[in-house]
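structure00.txt (compact mmCIF, C-alpha atoms)
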# COMPACT_ATOMS: atom_id res chain seq x y z
CA MET A 25 11.61 -35.35 -22.14
CA THR A 26 14.49 -32.95 -21.59
CA ARG A 27 14.99 -31.06 -18.36
CA PRO A 28 14.26 -27.58 -19.88
CA VAL A 29 10.93 -28.86 -21.23
CA SER A 30 10.05 -30.22 -17.79
CA LEU A 31 10.88 -26.91 -16.18
CA ILE A 32 8.88 -24.96 -18.77
CA THR A 33 5.89 -27.27 -18.28
CA VAL A 34 5.94 -27.00 -14.50
CA GLY A 35 6.53 -23.26 -14.71
CA ALA A 36 3.66 -22.75 -17.16
CA ALA A 37 1.27 -24.77 -14.98
CA ALA A 38 2.32 -22.83 -11.90
CA ALA A 39 1.94 -19.50 -13.73
CA LEU A 40 -1.51 -20.47 -14.95
CA LEU A 41 -2.58 -21.46 -11.46
CA ALA A 42 -1.17 -18.21 -10.07
CA VAL A 43 -3.05 -16.12 -12.66
CA TRP A 44 -6.24 -18.01 -11.89
CA LEU A 45 -5.82 -17.64 -8.13
CA VAL A 46 -4.98 -13.94 -8.29
CA MET A 47 -7.34 -12.74 -11.02
CA GLY A 48 -10.12 -15.26 -10.55
CA PHE A 49 -10.41 -14.52 -6.88
CA SER A 50 -9.92 -10.78 -6.95
CA LEU A 51 -11.94 -9.70 -9.99
CA GLN A 52 -15.66 -10.01 -10.41
CA ARG A 53 -15.83 -10.96 -14.05
CA THR A 54 -18.99 -11.64 -15.97
CA GLY A 55 -19.07 -15.36 -16.73
CA SER A 56 -20.08 -16.88 -20.05
CA ASP A 57 -23.29 -18.12 -18.42
CA ASP A 58 -24.38 -14.55 -17.74
CA ALA A 59 -23.40 -13.44 -21.23
CA GLY A 60 -25.37 -16.38 -22.66
CA MET A 61 -28.49 -15.51 -20.67
CA THR A 62 -28.26 -11.90 -21.81
CA ALA A 63 -28.11 -13.05 -25.42
CA ILE A 64 -31.07 -15.40 -24.92
CA GLN A 65 -33.15 -12.60 -23.49
CA ARG A 66 -32.25 -10.44 -26.44
CA SER A 67 -33.66 -13.08 -28.80
CA VAL A 68 -36.64 -14.04 -26.64
CA PRO A 69 -37.25 -11.26 -24.09
CA ALA A 70 -39.98 -13.15 -22.25
CA TYR A 71 -37.90 -16.31 -21.74
CA HIS A 72 -36.99 -17.28 -18.24
CA ARG A 73 -35.25 -20.39 -16.93
CA TRP A 74 -37.83 -23.11 -16.44
CA ALA A 75 -35.64 -25.09 -14.04
CA GLY A 76 -33.55 -23.66 -11.25
CA GLU A 77 -30.59 -25.14 -9.44
CA TRP A 78 -31.42 -28.34 -7.58
CA LEU A 79 -29.37 -27.45 -4.57
CA PRO A 80 -29.41 -24.24 -2.53
CA GLN A 81 -27.47 -21.43 -4.21
CA LEU A 82 -23.93 -21.11 -3.01
CA SER A 83 -22.17 -17.83 -2.59
CA ALA A 84 -19.57 -16.78 -5.16
CA ASP A 85 -16.79 -17.50 -2.69
CA GLN A 86 -18.14 -20.97 -1.91
CA GLN A 87 -18.35 -21.74 -5.63
CA ARG A 88 -14.77 -20.58 -6.18
CA TRP A 89 -13.52 -22.85 -3.43
CA LEU A 90 -15.48 -25.78 -4.81
CA PHE A 91 -13.93 -25.18 -8.23
CA ALA A 92 -10.56 -25.02 -6.52
CA ALA A 93 -11.35 -28.35 -4.84
CA GLN A 94 -12.20 -29.90 -8.21
CA GLY A 95 -8.95 -28.55 -9.64
CA ALA A 96 -7.03 -29.98 -6.72
CA LEU A 97 -8.78 -33.33 -7.20
CA GLY A 98 -7.86 -33.37 -10.88
CA GLY A 99 -4.29 -32.22 -10.30
CA GLY A 100 -3.93 -34.73 -7.48
CA LEU A 101 -5.21 -37.57 -9.64
CA PHE A 102 -2.82 -36.59 -12.42
CA ALA A 103 0.11 -36.42 -10.00
CA LEU A 104 -0.90 -39.65 -8.23
CA ALA A 105 -0.92 -41.49 -11.55
CA PHE A 106 2.69 -40.41 -12.10
CA VAL A 107 3.79 -41.29 -8.57
CA LYS A 108 2.18 -44.75 -8.81
CA ARG A 109 3.72 -45.28 -12.22
CA ARG A 110 7.20 -44.34 -11.06
CA SER A 111 7.00 -46.35 -7.85
CA GLY A 112 5.75 -49.33 -9.84
CA ARG A 113 8.70 -49.09 -12.20
CA SER A 114 11.40 -48.68 -9.59
CA MET B 29 -19.16 -22.63 -20.67
CA HIS B 30 -21.71 -25.35 -20.10
CA ILE B 31 -25.32 -24.46 -20.81
CA ALA B 32 -26.85 -23.64 -17.43
CA GLU B 33 -29.80 -25.26 -15.72
CA GLY B 34 -33.12 -24.35 -17.33
CA PHE B 35 -31.58 -22.44 -20.24
CA LEU B 36 -32.86 -24.81 -22.94
CA PRO B 37 -36.54 -25.61 -23.56
CA ALA B 38 -37.58 -29.04 -22.24
CA ALA B 39 -37.96 -30.58 -25.71
CA HIS B 40 -34.37 -29.62 -26.58
CA CYS B 41 -33.13 -31.09 -23.29
CA VAL B 42 -34.78 -34.41 -24.12
CA GLY B 43 -33.57 -34.33 -27.71
CA TRP B 44 -29.92 -33.73 -26.85
CA SER B 45 -30.05 -36.38 -24.12
CA VAL B 46 -31.41 -38.95 -26.57
CA ALA B 47 -28.74 -37.98 -29.10
CA SER B 48 -25.97 -38.35 -26.52
CA ALA B 49 -27.11 -41.63 -24.95
CA PRO B 50 -25.69 -44.07 -27.55
CA PHE B 51 -22.29 -42.37 -27.43
CA VAL B 52 -22.19 -42.62 -23.63
CA TRP B 53 -23.17 -46.30 -23.82
CA ASP B 54 -20.41 -46.96 -26.35
CA SER B 55 -17.99 -45.02 -24.19
CA LEU B 56 -18.70 -47.32 -21.23
CA ARG B 57 -17.67 -50.27 -23.38
CA GLN B 58 -14.48 -48.45 -24.35
CA LEU B 59 -13.78 -47.79 -20.68
CA ARG B 60 -14.09 -51.48 -19.85
CA LEU B 61 -11.67 -52.29 -22.68
CA ALA B 62 -9.15 -49.75 -21.39
CA MET B 63 -9.37 -51.17 -17.87
CA ALA B 64 -8.94 -54.70 -19.18
CA ASP B 65 -5.98 -53.51 -21.21
CA HIS B 66 -4.15 -52.32 -18.07
CA ARG B 67 -4.19 -48.69 -19.13
CA ARG B 68 -5.12 -47.32 -15.72
CA PHE B 69 -2.16 -44.93 -15.71
CA GLU B 70 -3.23 -43.19 -18.90
CA LEU B 71 -6.88 -43.25 -17.81
CA ALA B 72 -6.13 -41.66 -14.44
CA ALA B 73 -3.89 -39.05 -16.02
CA ALA B 74 -6.46 -38.14 -18.70
CA THR B 75 -9.30 -37.95 -16.15
CA GLY B 76 -7.19 -35.88 -13.76
CA PHE B 77 -6.26 -33.52 -16.58
CA LEU B 78 -9.93 -33.16 -17.56
CA LEU B 79 -10.99 -32.44 -13.98
CA PHE B 80 -8.15 -29.97 -13.51
CA LEU B 81 -8.71 -27.96 -16.67
CA THR B 82 -12.50 -27.79 -16.42
CA ALA B 83 -12.11 -26.38 -12.92
CA LEU B 84 -9.97 -23.48 -14.09
CA LYS B 85 -12.39 -20.66 -14.70
CA LEU B 86 -9.98 -18.24 -16.28
CA PRO B 87 -10.54 -14.55 -16.78
CA SER B 88 -10.22 -13.76 -20.46
CA VAL B 89 -9.27 -10.66 -22.39
CA ALA B 90 -12.93 -10.15 -23.25
CA GLY B 91 -13.75 -9.25 -19.65
CA SER B 92 -15.54 -12.53 -19.20
CA CYS B 93 -14.43 -15.83 -17.72
CA SER B 94 -14.64 -19.37 -18.93
CA HIS B 95 -12.70 -22.61 -18.68
CA PRO B 96 -10.71 -24.93 -20.93
CA THR B 97 -12.29 -28.23 -21.99
CA GLY B 98 -9.40 -30.62 -21.28
CA ILE B 99 -10.62 -33.34 -23.64
CA ALA B 100 -7.83 -33.55 -26.19
CA LEU B 101 -5.41 -35.48 -24.00
CA ALA B 102 -7.97 -38.26 -23.50
CA VAL B 103 -8.63 -38.23 -27.24
CA VAL B 104 -4.96 -38.67 -28.11
CA LEU B 105 -4.56 -41.46 -25.55
CA PHE B 106 -7.82 -43.35 -26.06
CA GLY B 107 -9.62 -41.98 -29.08
CA PRO B 108 -12.84 -39.94 -29.19
CA ARG B 109 -15.14 -42.86 -28.32
CA MET B 110 -13.78 -43.05 -24.79
CA VAL B 111 -14.43 -39.43 -23.82
CA PRO B 112 -18.24 -39.23 -23.36
CA VAL B 113 -18.24 -41.14 -20.08
CA LEU B 114 -15.35 -39.07 -18.72
CA GLY B 115 -17.13 -35.88 -19.73
CA LEU B 116 -20.37 -37.12 -18.20
CA VAL B 117 -18.69 -37.69 -14.83
CA VAL B 118 -17.24 -34.16 -14.82
CA LEU B 119 -20.49 -32.56 -15.96
CA VAL B 120 -22.59 -34.38 -13.33
CA LEU B 121 -20.09 -33.40 -10.64
CA GLN B 122 -20.21 -29.76 -11.71
CA ALA B 123 -24.00 -29.70 -12.09
CA LEU B 124 -24.60 -31.19 -8.64
CA LEU B 125 -21.86 -29.57 -6.61
CA LEU B 126 -20.81 -26.41 -8.41
CA ALA B 127 -24.06 -25.14 -9.92
CA HIS B 128 -22.18 -25.07 -13.24
CA GLY B 129 -24.07 -26.52 -16.19
CA GLY B 130 -27.15 -28.42 -15.08
CA LEU B 131 -28.99 -31.72 -14.98
CA THR B 132 -31.66 -30.59 -17.46
CA THR B 133 -28.95 -29.49 -19.90
CA LEU B 134 -26.69 -32.47 -19.24
CA GLY B 135 -27.46 -34.13 -22.58
CA ALA B 136 -26.70 -30.95 -24.52
CA ASN B 137 -23.48 -30.36 -22.61
CA VAL B 138 -22.33 -33.96 -23.05
CA PHE B 139 -23.04 -33.65 -26.77
CA SER B 140 -20.92 -30.51 -27.15
CA LEU B 141 -18.10 -31.16 -24.66
CA ALA B 142 -17.75 -34.94 -24.74
CA ILE B 143 -18.92 -35.95 -28.22
CA CYS B 144 -18.44 -33.16 -30.77
CA GLY B 145 -15.31 -31.78 -29.10
CA PRO B 146 -13.49 -35.12 -29.01
CA TRP B 147 -14.31 -35.93 -32.63
CA ALA B 148 -13.07 -32.47 -33.65
CA ALA B 149 -9.90 -33.06 -31.63
CA SER B 150 -9.41 -36.47 -33.21
CA PHE B 151 -9.82 -35.05 -36.71
CA CYS B 152 -7.36 -32.20 -36.02
CA TYR B 153 -4.84 -34.51 -34.35
CA GLN B 154 -4.87 -36.98 -37.22
CA ALA B 155 -4.61 -34.16 -39.75
CA GLY B 156 -1.67 -32.70 -37.86
CA ARG B 157 0.11 -36.05 -37.77
CA ARG B 158 -0.46 -36.57 -41.48
CA LEU B 159 1.07 -33.16 -42.09
CA GLY B 160 4.18 -34.37 -40.28
CA LEU B 161 3.74 -32.62 -36.93
CA GLN B 162 5.11 -34.23 -33.80
CA ALA B 163 2.50 -35.82 -31.52
CA ALA B 164 2.78 -33.11 -28.86
CA ALA B 165 2.41 -30.28 -31.38
CA ALA B 166 -0.51 -31.97 -33.12
CA ALA B 167 -2.17 -32.57 -29.74
CA GLY B 168 -1.74 -28.92 -28.76
CA ILE B 169 -3.31 -27.68 -31.98
CA ALA B 170 -6.09 -30.26 -31.69
CA ALA B 171 -6.78 -29.14 -28.11
CA ALA B 172 -7.03 -25.47 -29.09
CA LEU B 173 -9.25 -26.09 -32.11
CA SER B 174 -11.50 -28.60 -30.34
CA SER B 175 -11.97 -26.15 -27.48
CA VAL B 176 -13.27 -23.61 -29.98
CA ALA B 177 -15.39 -26.32 -31.62
CA VAL B 178 -17.06 -27.15 -28.30
CA TYR B 179 -18.12 -23.55 -27.93
CA GLY B 180 -19.23 -23.45 -31.55
CA VAL B 181 -21.55 -26.39 -30.90
CA THR B 182 -22.79 -24.76 -27.69
CA SER B 183 -23.58 -21.63 -29.70
CA LEU B 184 -25.43 -23.74 -32.26
CA GLN B 185 -27.45 -25.47 -29.53
CA LEU B 186 -28.49 -22.12 -28.10
CA ALA B 187 -29.20 -20.71 -31.57
CA LEU B 188 -31.46 -23.65 -32.40
CA ALA B 189 -33.35 -23.10 -29.16
CA PHE B 190 -33.53 -19.33 -29.49
CA PRO B 191 -33.56 -18.29 -33.15
CA ASP B 192 -33.49 -14.58 -33.76
CA ALA B 193 -36.92 -13.11 -34.48
CA SER B 194 -35.77 -11.49 -37.71
CA GLY B 195 -32.58 -13.30 -38.76
CA GLY B 196 -33.45 -16.82 -37.64
CA VAL B 197 -30.97 -19.46 -36.47
CA LEU B 198 -28.01 -18.06 -38.41
CA ALA B 199 -28.29 -14.59 -36.90
CA SER B 200 -28.67 -16.10 -33.46
CA LEU B 201 -25.67 -18.40 -34.07
CA ALA B 202 -23.56 -15.40 -35.05
CA ARG B 203 -24.60 -13.60 -31.88
CA PHE B 204 -23.87 -16.49 -29.51
CA GLY B 205 -20.69 -17.36 -31.39
CA ALA B 206 -19.40 -13.80 -31.11
CA ILE B 207 -20.06 -13.75 -27.38
CA PHE B 208 -18.22 -16.98 -26.69
CA ALA B 209 -15.43 -16.69 -29.26
CA TRP B 210 -13.82 -13.65 -27.67
CA THR B 211 -13.74 -15.38 -24.33
CA GLN B 212 -12.79 -18.81 -25.55
CA ILE B 213 -10.10 -18.24 -28.16
CA PRO B 214 -7.42 -16.96 -25.73
CA ILE B 215 -8.30 -19.78 -23.34
CA ALA B 216 -8.10 -22.31 -26.18
CA ILE B 217 -4.54 -21.19 -26.92
CA VAL B 218 -3.58 -21.73 -23.28
CA GLU B 219 -5.28 -25.12 -23.37
CA GLY B 220 -3.33 -26.12 -26.46
CA PHE B 221 -0.05 -25.33 -24.78
CA LEU B 222 -1.00 -27.21 -21.60
CA THR B 223 -2.20 -30.29 -23.49
CA SER B 224 0.98 -30.39 -25.51
CA SER B 225 3.04 -30.18 -22.32
CA ALA B 226 0.97 -32.84 -20.56
CA LEU B 227 1.38 -35.25 -23.47
CA THR B 228 5.13 -34.65 -23.45
CA LEU B 229 5.17 -35.49 -19.75
CA LEU B 230 3.10 -38.63 -20.28
CA ALA B 231 5.26 -39.81 -23.15
CA LYS B 232 8.12 -40.23 -20.73
CA GLU B 233 6.10 -42.53 -18.48
CA SER B 234 3.92 -44.47 -20.85
CA PRO B 235 5.50 -47.35 -22.77
CA LEU B 236 2.71 -47.10 -25.32
CA LEU B 237 3.66 -43.52 -26.15
CA GLU B 238 7.36 -44.21 -25.77
CA ALA B 239 7.02 -46.77 -28.49
CA GLY B 240 5.78 -44.00 -30.77
CA GLN B 241 2.28 -45.43 -31.05
CA ALA B 242 0.45 -42.21 -30.20
CA LYS B 243 -0.60 -41.70 -33.79
CA GLU B 244 -2.06 -45.19 -33.95
CA ILE B 245 -4.12 -44.72 -30.80
CA VAL B 246 -6.68 -42.40 -32.33
Let me see the file written as structure tokens.
Amino acid sequence: MTRPVSLITVGAAAALLAVWLVMGFSLQRTGSDDAGMTAIQRSVPAYHRWAGEWLPQLSADQQRWLFAAQGALGGGLFALAFVKRRSGRS
Amino acid sequence: MHIAEGFLPAAHCVGWSVASAPFVWDSLRQLRLAMADHRRFELAAATGFLLFLTALKLPSVAGSCSHPTGIALAVVLFGPRMVPVLGLVVLVLQALLLAHGGLTTLGANVFSLAICGPWAASFCYQAGRRLGLQAAAAAGIAAALSSVAVYGVTSLQLALAFPDASGGVLASLARFGAIFAWTQIPIAIVEGFLTSSALTLLAKESPLLEAGQAKEIV
């Protein structure tokens, strides 16, 4: 892979993360789950969820941080695979 | 979007779980083969990519938010039969810890995200390669289209559970599809670009991809 492609890739990933951190944390957007529930209730007005969450409800902030933790876990695993690979080769 | 806890009637939850079970079982066998084949690097990278992308709840132009699916990279590296177990791990993690998706809807979500999505990605990737596209470009297009396919299947699952009183399943499918499409299509484009970039990065490190065997993997 050429150096410009590497830079574009890293830059795009960083920009995406920045957009997510700024917009995802600052704006209260309606999620697809809410939109889905609204549509369900339009089809079947009397329907209500027959099973709730198994664990106590977390606040929106707590959920955001948990998603961030999952993202960090995934990004870390991806990066670790590369580091291990490179150290194994050298 | 994963279908949330309690959204689907109990009979549908059981039905989708039964439909998904053989694919997950087969996927476990594929996982053992990959481990025996010393492909831990690709496996870790694909799993990390899946975890990373499904955690990114992105605001979309539709005023809603959703997340990419992240499955296409695993499909290009291992084929669609490997993905169900990876998807299951992510979905269980999110259902238990993040209140995203749910245990009752796990079967339905595995079916859409980890079974239908990967097969759609595989089909698109192979078609792209046959049309002469480079592996990274084909993977990017496959990622974008499979992301839309996942949400199409999710819409179908909801439409089957909640048919419109007057228009039936088709009217309901159109309604759910319209809701999710506006959110998902911009995100699918971003996902395509990211998958293409990730595969380009991996190609540098993986001898299998360096040898130009990506098209034979699927």
Original post:
At a cut-off of 10 Å from (5.0, -39.2, -12.9) in the coordinates of the file, what residues are picked up using all atoms listed in the file, written as JSON, numbers by chain?
Top reply: {"A": [102, 103, 104, 105, 106, 107, 108, 109, 110, 111], "B": [69, 73, 229, 230, 232, 233, 234]}
Create the file for the chosen residues now, containing C-alpha atoms and written as a PDB file, in the frame of the given file.
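What landed in result19.pdb:
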ATOM      1  CA  PHE A 102      -2.820 -36.590 -12.420  1.00  0.00           C
ATOM      2  CA  ALA A 103       0.110 -36.420 -10.000  1.00  0.00           C
ATOM      3  CA  LEU A 104      -0.900 -39.650  -8.230  1.00  0.00           C
ATOM      4  CA  ALA A 105      -0.920 -41.490 -11.550  1.00  0.00           C
ATOM      5  CA  PHE A 106       2.690 -40.410 -12.100  1.00  0.00           C
ATOM      6  CA  VAL A 107       3.790 -41.290  -8.570  1.00  0.00           C
ATOM      7  CA  LYS A 108       2.180 -44.750  -8.810  1.00  0.00           C
ATOM      8  CA  ARG A 109       3.720 -45.280 -12.220  1.00  0.00           C
ATOM      9  CA  ARG A 110       7.200 -44.340 -11.060  1.00  0.00           C
ATOM     10  CA  SER A 111       7.000 -46.350  -7.850  1.00  0.00           C
TER      11      SER A 111
ATOM     12  CA  PHE B  69      -2.160 -44.930 -15.710  1.00  0.00           C
ATOM     13  CA  ALA B  73      -3.890 -39.050 -16.020  1.00  0.00           C
ATOM     14  CA  LEU B 229       5.170 -35.490 -19.750  1.00  0.00           C
ATOM     15  CA  LEU B 230       3.100 -38.630 -20.280  1.00  0.00           C
ATOM     16  CA  LYS B 232       8.120 -40.230 -20.730  1.00  0.00           C
ATOM     17  CA  GLU B 233       6.100 -42.530 -18.480  1.00  0.00           C
ATOM     18  CA  SER B 234       3.920 -44.470 -20.850  1.00  0.00           C
TER      19      SER B 234
END
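Closest to chain B among A:Trp74, A:Gln65, A:Ser83, A:Ala93 is A:Trp74, based on all atoms listed in the file.
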**OP:** Kindly indicate which residue among B:Glu219, B:Val178, B:Ala172, B:Leu126 lies nearest to Ala84 in chain A, using only C-alpha atoms for the distances.
**Re:**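 Using only C-alpha atoms, the shortest distance to Ala84 in chain A belongs to B:Leu126.
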**OP:** Enumerate as number ranges by chain the residues belonging to chain B that approach chain A to within 8 Å, with only C-alpha atoms taken into account.
**Re:** B: 29-37, 69-70, 72-87, 91-94, 124-127, 130, 132, 186, 190-193, 200, 203-204, 207-208, 211, 222, 225-226, 228-229, 231-233
Original post:
For Leu188 in chain B, which of B:Leu105, B:Ala155, B:Met110, B:Ala136 is the closest residue, counting only C-alpha atoms?
Top reply: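 Using only C-alpha atoms, Leu188 in chain B sits closest to B:Ala136.
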**OP:** Can you work out the spacing between CA of Ala166 in chain B and CA of Tyr153 in chain B in Å, to one decimal?
**Re:** 5.2 Å
